[in-house]
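Asks: Contents of run17.cif (mmCIF, C-alpha atoms) are below:
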data_run
#
loop_
_atom_site.label_atom_id
_atom_site.label_comp_id
_atom_site.auth_asym_id
_atom_site.auth_seq_id
_atom_site.Cartn_x
_atom_site.Cartn_y
_atom_site.Cartn_z
CA MET A 1 3.69 15.64 -7.58
CA MET A 2 4.69 17.00 -4.16
CA ALA A 3 4.10 15.08 -0.91
CA GLU A 4 1.59 17.53 0.56
CA THR A 5 -0.08 15.36 3.22
CA ALA A 6 3.22 14.17 4.73
CA ALA A 7 4.32 17.80 4.94
CA MET A 8 1.02 18.82 6.53
CA PHE A 9 1.38 16.14 9.19
CA SER A 10 5.15 15.89 9.77
CA GLY A 11 6.64 19.17 8.52
CA GLU A 12 8.11 20.74 5.40
CA ARG A 13 11.23 18.55 5.40
CA TYR A 14 9.01 15.66 4.30
CA LYS A 15 7.55 17.60 1.37
CA VAL A 16 9.47 15.86 -1.39
CA LYS A 17 8.85 15.45 -5.08
CA LEU A 18 7.23 12.12 -5.96
CA HIS A 19 7.26 10.33 -9.29
CA SER A 20 5.02 7.76 -10.98
CA TYR A 21 4.51 5.97 -14.29
CA VAL A 22 1.10 6.24 -15.96
CA TYR A 23 -0.16 3.65 -18.45
CA LEU A 24 -3.45 4.74 -20.03
CA ASN A 25 -5.81 2.05 -21.29
CA ASN A 26 -7.99 3.59 -24.03
CA ASP A 27 -10.95 5.40 -22.47
CA SER A 28 -11.11 3.30 -19.30
CA LYS A 29 -12.24 4.94 -16.04
CA LYS A 30 -10.86 2.09 -13.92
CA TRP A 31 -7.48 2.52 -12.22
CA VAL A 32 -5.02 0.50 -10.18
CA ILE A 33 -2.26 2.13 -8.12
CA LEU A 34 0.75 -0.14 -7.64
CA CYS A 35 3.07 0.18 -4.61
CA HIS A 36 6.41 -1.57 -4.84
CA ALA A 37 8.63 -3.45 -2.40
CA ASN A 38 11.77 -2.11 -0.73
CA MET A 39 14.69 -1.49 -3.12
CA LEU A 40 12.43 -1.80 -6.20
CA ASN A 41 10.47 0.78 -8.20
CA GLY A 42 7.26 1.44 -10.07
CA LYS A 43 8.55 0.09 -13.39
CA ILE A 44 9.12 -3.36 -11.92
CA MET A 45 5.64 -3.42 -10.37
CA SER A 46 4.05 -2.33 -13.63
CA ARG A 47 5.84 -5.12 -15.50
CA LYS A 48 5.14 -7.89 -12.98
CA ILE A 49 1.61 -7.03 -11.82
CA GLY A 50 0.39 -4.03 -13.78
CA SER A 51 0.15 -6.18 -16.91
CA PHE A 52 -2.63 -8.22 -15.25
CA TYR A 53 -4.72 -5.14 -14.58
CA TYR A 54 -4.03 -3.64 -17.99
CA GLU A 55 -5.32 -6.81 -19.61
CA TRP A 56 -8.50 -6.44 -17.54
CA GLY A 57 -9.09 -2.90 -18.77
CA TYR A 58 -7.48 -0.86 -16.00
CA ASN A 59 -5.29 2.19 -16.33
CA VAL A 60 -2.11 1.72 -14.28
CA LEU A 61 -0.42 4.23 -11.96
CA ALA A 62 2.86 2.70 -10.78
CA ILE A 63 4.43 4.90 -8.14
CA ASP A 64 8.06 5.27 -7.11
CA SER A 65 7.91 5.40 -3.31
CA ARG A 66 9.90 8.12 -1.56
CA GLY A 67 13.59 7.39 -1.81
CA PHE A 68 13.26 5.02 -4.78
CA GLY A 69 13.27 5.38 -8.54
CA LYS A 70 12.82 9.03 -9.45
CA SER A 71 11.12 10.04 -6.18
CA LYS A 72 13.03 12.18 -3.71
CA GLY A 73 13.35 11.77 0.07
CA SER A 74 14.16 8.60 1.97
CA VAL A 75 12.20 5.47 2.78
CA ALA A 76 10.02 5.82 5.88
CA VAL A 77 8.93 2.16 6.19
CA GLY A 78 5.21 2.53 5.56
CA PHE A 79 3.48 5.34 7.42
CA LEU A 80 4.63 8.34 5.39
CA GLU A 81 4.34 6.22 2.25
CA ALA A 82 0.64 5.80 3.08
CA LEU A 83 0.23 9.58 3.27
CA ASP A 84 1.97 9.82 -0.10
CA LEU A 85 -0.38 7.18 -1.50
CA TYR A 86 -3.30 9.28 -0.26
CA ASP A 87 -1.90 12.19 -2.30
CA TRP A 88 -1.72 9.97 -5.39
CA ILE A 89 -5.40 9.06 -4.93
CA ILE A 90 -6.28 12.75 -4.67
CA TYR A 91 -4.19 13.36 -7.81
CA LEU A 92 -6.09 10.67 -9.75
CA ASN A 93 -9.42 12.13 -8.71
CA LYS A 94 -8.42 15.60 -9.86
CA GLU A 95 -6.70 14.67 -13.11
CA TYR A 96 -8.62 11.64 -14.43
CA LYS A 97 -11.99 11.41 -12.60
CA PRO A 98 -11.80 7.62 -12.07
CA GLU A 99 -14.92 5.52 -11.57
CA GLU A 100 -13.03 3.04 -9.40
CA ILE A 101 -9.57 2.58 -7.93
CA ILE A 102 -7.77 -0.56 -6.74
CA LEU A 103 -4.69 -0.29 -4.50
CA HIS A 104 -2.18 -3.15 -4.81
CA GLY A 105 1.07 -3.29 -2.83
CA CYS A 106 3.87 -5.81 -2.22
CA SER A 107 6.04 -6.00 0.93
CA LEU A 108 6.77 -2.33 1.78
CA GLY A 109 4.00 -1.53 -0.69
CA GLY A 110 1.75 -4.03 1.07
CA ALA A 111 2.48 -2.33 4.38
CA THR A 112 1.64 0.98 2.69
CA VAL A 113 -1.76 -0.44 1.73
CA ASN A 114 -2.23 -1.65 5.32
CA PHE A 115 -1.45 1.80 6.72
CA ILE A 116 -3.83 3.59 4.34
CA SER A 117 -6.63 1.03 4.62
CA GLY A 118 -8.65 2.95 7.22
CA ILE A 119 -6.89 6.30 6.77
CA ASP A 120 -9.76 8.56 7.85
CA GLY A 121 -10.39 6.82 11.19
CA PHE A 122 -6.67 6.17 11.68
CA MET A 123 -5.70 9.82 11.36
CA LYS A 124 -8.77 11.21 13.09
CA ASN A 125 -8.21 9.15 16.25
CA GLY A 126 -4.42 9.43 16.50
CA THR A 127 -2.37 11.43 18.97
CA HIS A 128 -2.33 14.29 16.42
CA SER A 129 -5.86 14.30 15.00
CA LYS A 130 -6.19 15.13 11.29
CA ASP A 131 -9.25 15.03 9.06
CA LEU A 132 -8.77 13.10 5.82
CA ILE A 133 -11.30 11.90 3.26
CA SER A 134 -12.18 8.20 3.45
CA LEU A 135 -10.95 5.86 0.72
CA LYS A 136 -14.53 4.96 -0.15
CA ASP A 137 -15.40 8.61 -0.77
CA LEU A 138 -12.32 8.87 -3.02
CA GLY A 139 -13.53 6.01 -5.20
CA VAL A 140 -11.32 3.20 -3.86
CA LYS A 141 -13.12 -0.07 -4.50
CA GLY A 142 -10.62 -2.71 -3.36
CA LEU A 143 -7.30 -3.29 -1.61
CA VAL A 144 -4.72 -5.99 -2.28
CA GLU A 145 -1.79 -6.45 0.09
CA ASP A 146 0.88 -9.01 -0.71
CA SER A 147 3.48 -9.89 1.94
CA GLY A 148 2.89 -6.67 3.85
CA TYR A 149 3.82 -6.21 7.49
CA ILE A 150 1.96 -4.65 10.39
CA LYS A 151 4.51 -3.06 12.73
CA ILE A 152 7.34 -0.86 11.54
CA GLY A 153 9.26 -1.56 14.75
CA ASP A 154 9.53 -5.29 13.95
CA PHE A 155 12.29 -4.47 11.47
CA LYS A 156 14.36 -2.02 13.49
CA SER A 157 15.79 -2.34 17.00
CA ASP A 158 16.29 1.36 17.76
CA ASN A 159 12.79 2.84 17.72
CA LYS A 160 14.02 6.09 19.29
CA LYS A 161 15.75 6.97 16.04
CA LEU A 162 13.25 5.25 13.78
CA TYR A 163 10.26 7.35 14.81
CA LYS A 164 12.06 10.48 13.57
CA ARG A 165 12.80 8.80 10.26
CA CYS A 166 9.10 8.01 9.95
CA GLY A 167 8.07 11.63 10.36
CA LEU A 168 6.81 11.18 13.93
CA PHE A 169 7.44 13.28 17.00
CA SER A 170 7.77 10.85 19.91
CA GLU A 171 7.89 7.21 20.94
CA GLU A 172 4.21 7.53 21.90
CA ASP A 173 3.43 8.53 18.33
CA PHE A 174 5.46 5.60 17.09
CA GLU A 175 3.38 3.14 19.12
CA TYR A 176 0.22 4.35 17.38
CA TYR A 177 1.27 5.39 13.88
CA GLY A 178 3.83 2.62 13.54
CA ASN A 179 1.18 -0.10 13.87
CA ALA A 180 -1.00 -0.67 10.80
CA LEU A 181 -3.62 -2.51 12.84
CA ASN A 182 -4.68 0.93 14.09
CA SER A 183 -5.67 1.72 10.50
CA LEU A 184 -6.92 -1.71 9.45
CA LYS A 185 -9.54 -1.72 12.21
CA TYR A 186 -11.24 1.22 10.48
CA CYS A 187 -11.07 -0.32 7.00
CA ASP A 188 -14.42 -0.53 5.19
CA ILE A 189 -13.03 -1.45 1.75
CA PRO A 190 -12.90 -5.09 0.53
CA MET A 191 -9.39 -6.43 0.98
CA MET A 192 -7.40 -9.40 -0.28
CA VAL A 193 -4.41 -10.64 1.74
CA ILE A 194 -1.70 -12.70 -0.01
CA HIS A 195 1.25 -14.35 1.73
CA GLY A 196 3.64 -17.24 1.25
CA ASP A 197 3.58 -19.69 4.14
CA ARG A 198 7.40 -20.00 4.04
CA ASP A 199 8.06 -16.26 4.16
CA THR A 200 10.86 -15.58 6.65
CA MET A 201 11.26 -11.87 5.89
CA VAL A 202 7.68 -10.96 6.79
CA THR A 203 6.30 -13.89 8.74
CA PRO A 204 2.85 -15.31 7.85
CA ASP A 205 1.37 -14.31 11.21
CA ASN A 206 1.29 -10.75 9.85
CA ALA A 207 -1.24 -11.87 7.23
CA GLU A 208 -3.25 -13.76 9.83
CA LYS A 209 -3.48 -10.73 12.13
CA ILE A 210 -4.47 -8.49 9.23
CA TYR A 211 -7.24 -10.88 8.23
CA GLU A 212 -8.48 -11.19 11.81
CA THR A 213 -8.57 -7.40 12.26
CA LEU A 214 -10.56 -6.66 9.11
CA LYS A 215 -14.29 -6.35 9.78
CA GLY A 216 -15.63 -5.99 6.23
CA LYS A 217 -15.40 -8.13 3.10
CA LYS A 218 -12.06 -9.92 3.05
CA ASP A 219 -10.17 -12.78 1.47
CA ILE A 220 -6.89 -14.46 2.31
CA TRP A 221 -4.67 -16.63 0.11
CA MET A 222 -1.93 -18.28 2.14
CA VAL A 223 0.24 -19.87 -0.53
CA ARG A 224 1.81 -23.21 0.27
CA ASP A 225 5.60 -23.57 -0.03
CA GLN A 226 6.16 -20.00 -1.25
CA TRP A 227 8.47 -17.28 0.03
CA HIS A 228 8.41 -13.50 0.25
CA ILE A 229 6.60 -11.75 -2.66
CA PHE A 230 6.97 -14.85 -4.81
CA ILE A 231 5.07 -13.24 -7.70
CA LEU A 232 8.06 -10.99 -8.42
CA LEU A 233 9.98 -14.18 -9.22
CA ASP A 234 7.12 -15.32 -11.48
CA LYS A 235 6.17 -18.10 -9.07
CA GLU A 236 2.51 -19.26 -9.04
CA LYS A 237 1.82 -16.67 -11.75
CA ASP A 238 -1.31 -18.27 -13.19
CA ALA A 239 -2.78 -18.99 -9.75
CA TYR A 240 -1.95 -15.45 -8.58
CA LYS A 241 -3.68 -13.96 -11.58
CA ALA A 242 -6.74 -16.17 -11.11
CA HIS A 243 -7.10 -15.42 -7.39
CA LEU A 244 -6.69 -11.72 -8.04
CA LYS A 245 -9.28 -11.70 -10.82
CA ASN A 246 -11.79 -13.63 -8.69
CA PHE A 247 -11.39 -11.11 -5.89
CA ILE A 248 -11.77 -8.08 -8.14
CA ASP A 249 -14.83 -9.57 -9.83
CA SER A 250 -16.43 -10.19 -6.44
CA ILE A 251 -16.27 -6.61 -5.16
#
Would you mind writing the file's structure down as structure tokens?

Replies:
Amino acid sequence: MMAETAAMFSGERYKVKLHSYVYLNNDSKKWVILCHANMLNGKIMSRKIGSFYYEWGYNVLAIDSRGFGKSKGSVAVGFLEALDLYDWIIYLNKEYKPEEIILHGCSLGGATVNFISGIDGFMKNGTHSKDLISLKDLGVKGLVEDSGYIKIGDFKSDNKKLYKRCGLFSEEDFEYYGNALNSLKYCDIPMMVIHGDRDTMVTPDNAEKIYETLKGKKDIWMVRDQWHIFILLDKEKDAYKAHLKNFIDSI
């Protein structure tokens, strides 16, 4: 699949070929899209988390984010990845006609979920207004973000260069499009927030701010004595699975 929405917004140089892994589950019409952490890929996410969803009757779409796995381009730290995720949702709707979609991301993937959470309002009210279809109208039923961050600029000191890497045109754009709270405030999809309380890579206050910003149905699981994306190390696996299932069953 080609990154059409990123190209429409940021220019043809961001129109790269994207790759994913599809795991079909009999005749199910339920789907989960998995978004991986930095330096990982869709295969790892499908093995660590996709197996939960598959057991629960979901088809799994595990994407390789731009610059990782078999996807082209370079990592853009969350914003362009959210536009790519939007394209994957459009792809699912065209190719498989899903009855429901769950988005689940970890770290960079969690940030991607944060940035897409209120995508229609986020893009409509930005400095470069664009009309996109809401997640609800595309069949997205729930969002799960694990260890995701809010502000792209928290991880880089030179924002003047970073905004260009993110497909933006100015520092003013970066202030708006580089802050996921500007999308989260428009979110009308139930969302679960997961974070380890000893996470030093993405500090727990990110999760707290996300939870405070959300206006609709929401849940937060702040996990005691756990670090960044602990599930990828098979920590608290049974509890993770149980919390996730309870959330999905409640929406």

Asks: Can you tell me, as number ranges by chain, what residues are no more than 6 Å from Ala111 of chain A when counting all atoms listed in the file, ignoring any on the same chain fewer than 6 positions away?

Replies: A: 78, 148-149

Asks: Written as a PyMOL selection string, what is the full residue list that the PyMOL selection byres ((chain A and resi 147) around 7) yields on the file shown?

Replies: chain A and resi 106-107+110+145-146+148-149+194-195+202+228-229

Asks: To one decimal place, how far is atom CA of Tyr14 of chain A from atom CA of Lys94 of chain A in Å?

Replies: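 A separation of 22.5 Å between them.
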
Asks: Looking at all atoms listed in the file, which of A:Lys217, A:Gly178, A:Met201, A:Ser117 is the one that sits closest to Lys164 of chain A?

Replies: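 Once distances to Lys164 of chain A are computed over all atoms listed in the file, the minimum belongs to A:Gly178.
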
Asks: Residue by residue, what does the PyMOL selection byres ((chain A and resi 233-244) around 12) grab here? Present the result as a count of residues only.

Replies: 45

Asks: Can you work out which one of A:Ile133, A:Ile101, A:Cys166, A:Ala207 has the shortest atom-to-atom distance to Pro190 of chain A, counting only C-alpha atoms?

Replies: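 So, comparing all the options, the nearest one is A:Ile101.
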
Asks: Can you sort out the box for segment 100-116 of chain A, edges along x, y and z, all listed atoms in, 3 Å on every side, with centre and edge lengths in Å to one decimal, as JSON?

Replies:
{"center_x": -3.1, "center_y": -1.2, "center_z": -1.3, "size_x": 25.8, "size_y": 15.6, "size_z": 22.1}

Asks: Set the distance at 12 Å and use only C-alpha atoms: which residues neighbour Lys124 of chain A once local chain neighbours fewer than 5 positions away are removed? I'd like the list as a count of residues only.

Replies: 13

Asks: Please report the interatomic distance between atom CA of Lys15 of chain A and atom CA of Met2 of chain A in Å with one decimal.

Replies: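 Computing it gives 6.3 Å between the two atoms.
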
Asks: Out of A:Asp137, A:Lys70, A:Tyr211, A:Ser20, which residue has the shortest atom-to-atom distance to Asn93 of chain A when counting only C-alpha atoms?

Replies: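 Using only C-alpha atoms, Asn93 of chain A sits closest to A:Asp137.
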
Asks: If I put a ball of radius 10 Å at (-1.8, 15.2, 21.7) in the file's coordinates, which residues poke into it when counting all atoms listed in the file, written as a list of chain:residue names?

Replies: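 Here the neighbourhood of the point contains A:Gly126, A:Thr127, A:His128, A:Ser129, A:Glu172, A:Asp173.
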
Asks: Determine the residue set returned by the PyMOL selection byres ((chain A and resi 22) around 6) for the present structure, and present it as a list of chain:residue names.

Replies: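 For this structure, the PyMOL selection byres ((chain A and resi 22) around 6) captures A:Tyr21, A:Tyr23, A:Val60, A:Leu61.
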
Asks: Taking 6 positions as the minimum chain separation for residues in the same chain, which residues sit within 12 Å of Ile89 of chain A when counting all atoms listed in the file? Answer as a ChimeraX atom specification.

Replies: /A:1,3,5,31-34,61-63,82-83,95-98,100-103,116,132-141

Asks: One number please: atom CA of Phe68 of chain A to atom CA of Cys187 of chain A, in Å, one decimal.

Replies: 27.6 Å

Asks: Name the closest residue to Ile152 of chain A among the candidates A:Ile210, A:Leu168, A:Ala37, A:Ala180; distances are taken between atoms, counting all atoms listed in the file.

Replies: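 Ranking A:Ile210, A:Leu168, A:Ala37, A:Ala180 by distance to Ile152 of chain A, first place goes to A:Ala180.
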
Asks: Can you list, as a ChimeraX atom specification, every protein, DNA or RNA residue that comes within 8 Å of Gly73 of chain A when you count all atoms listed in the file, leaving out same-chain residues fewer than 4 positions away?

Replies: /A:14,16-17,66-67

Asks: From the set A:Arg13, A:Glu4, A:Leu24, A:Val77, which residue has the shortest atom-to-atom contact distance to Asn38 of chain A, counting all atoms listed in the file?

Replies: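 Between A:Arg13, A:Glu4, A:Leu24, A:Val77, the residue approaching Asn38 of chain A most closely is A:Val77.
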
Asks: Rank nothing, just name the residue among A:Glu12, A:Asn59, A:Asp27, A:Leu18 nearest to Ser71 of chain A, using all atoms listed in the file.

Replies: A:Leu18
